[in-house]
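One structure below.
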Amino acid sequence: MAKAKEMEVERGLDLNRYMGRWYEIASFPSFFQPRNGVDTRATYTLNPDGTVHVLNETWSNGKRDAIEGTAYKADPKSDEAKLKVKFYVPPFLPIIPVTGDYWVLYIDTDYQYALIGQPSRKYLWSMILRSTSITGWVLKDFFFRQGCRGSSISNFQ
């Protein structure tokens with residue numbers, strides 16, 4: 001069986017423009033997120049050292065679940081939007097570091113919506129927006145781009 005082509009990522013991501021709050025509109029289910037989570041969002045803040053403070057939040061059964069971490073460029077010399085994100089788990093007693101890939105596969109020119117994934121395509125998890133609502137053309141554009149990357153859109157919830 002042929003090996004899948006590596007996913008293409010954005011180049012020249014402007015981290016200053018990327019900072020702020022993003023809302024998850026669609027994602028692949030994963031073991032590290034509550035299955036019944038709603039209003040999932042991430043807030044990114046640029047640290048003085050160039051890393052990014054990450055605050056992920058969701059609400060499950062009326063309670064807020066949150067985890068904080070740090071994102072950084074996987075290769076500081078590259079202009080590719082390939083980041084690593086490190087969280088410490090469990091959130092209430094952060095002692096075990098868990099690091100994963102955070103690739104910006106697409107972002108629109110106005111930095112209003114983005115497609116986030118990672119190289120295995122297993123956790124190609126998010127379409128994120130600056131607002132909590134989505135227009136039909138953004139959704140169509142997203143699914144078109146997703147299909148062009150060779151990933152099934154049927155996994156999104």
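Ordered as shown in the structure tokens, chains take letters A, B, and onward, while each chain numbers its residues from 1 and ligands are numbered from 1 in the order shown.
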Task: Residue neighbourhood stretch 74-90 of chain A, 9 Å, only C-alpha atoms, exclusion window fewer than 5 positions, as a count of residues only - done: 23
Task: Counting only C-alpha atoms, the option among A:Tyr18, A:Met7, A:Asp39, A:Ala71 closest to A:Gly117 - done: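 Answer, going by the shortest atom-to-atom distance: A:Met7.
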Open item on the list: Can you tell me which residues surround stretch 45-49 of chain A at a distance of at most 12 Å, considering only C-alpha atoms, apart from same-chain residues fewer than 3 positions away, and format the answer as a list in words?
Closed with: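 Using only C-alpha atoms, the neighbours found are Asp14, Leu15, Asn16, Arg17, Tyr18, Met19, Gly20, Arg21, Trp22, Ala42, Val52, His53, Val54, Leu55, Asn56, Glu68, Gly69, Thr70, Ala71, Tyr72 and Lys73 of chain A.
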Task: Shortest interatomic distance to A:Pro119 - which of A:Ile25, A:Pro94, A:Glu6, A:Arg64, counting only C-alpha atoms - done: A:Glu6
- [ ] For A:Asn36, work out the shell of residues within 10 Å, counting only C-alpha atoms and skipping chain neighbours fewer than 4 positions away, then give it as a ChimeraX atom specification.
- [x] /A:58-61
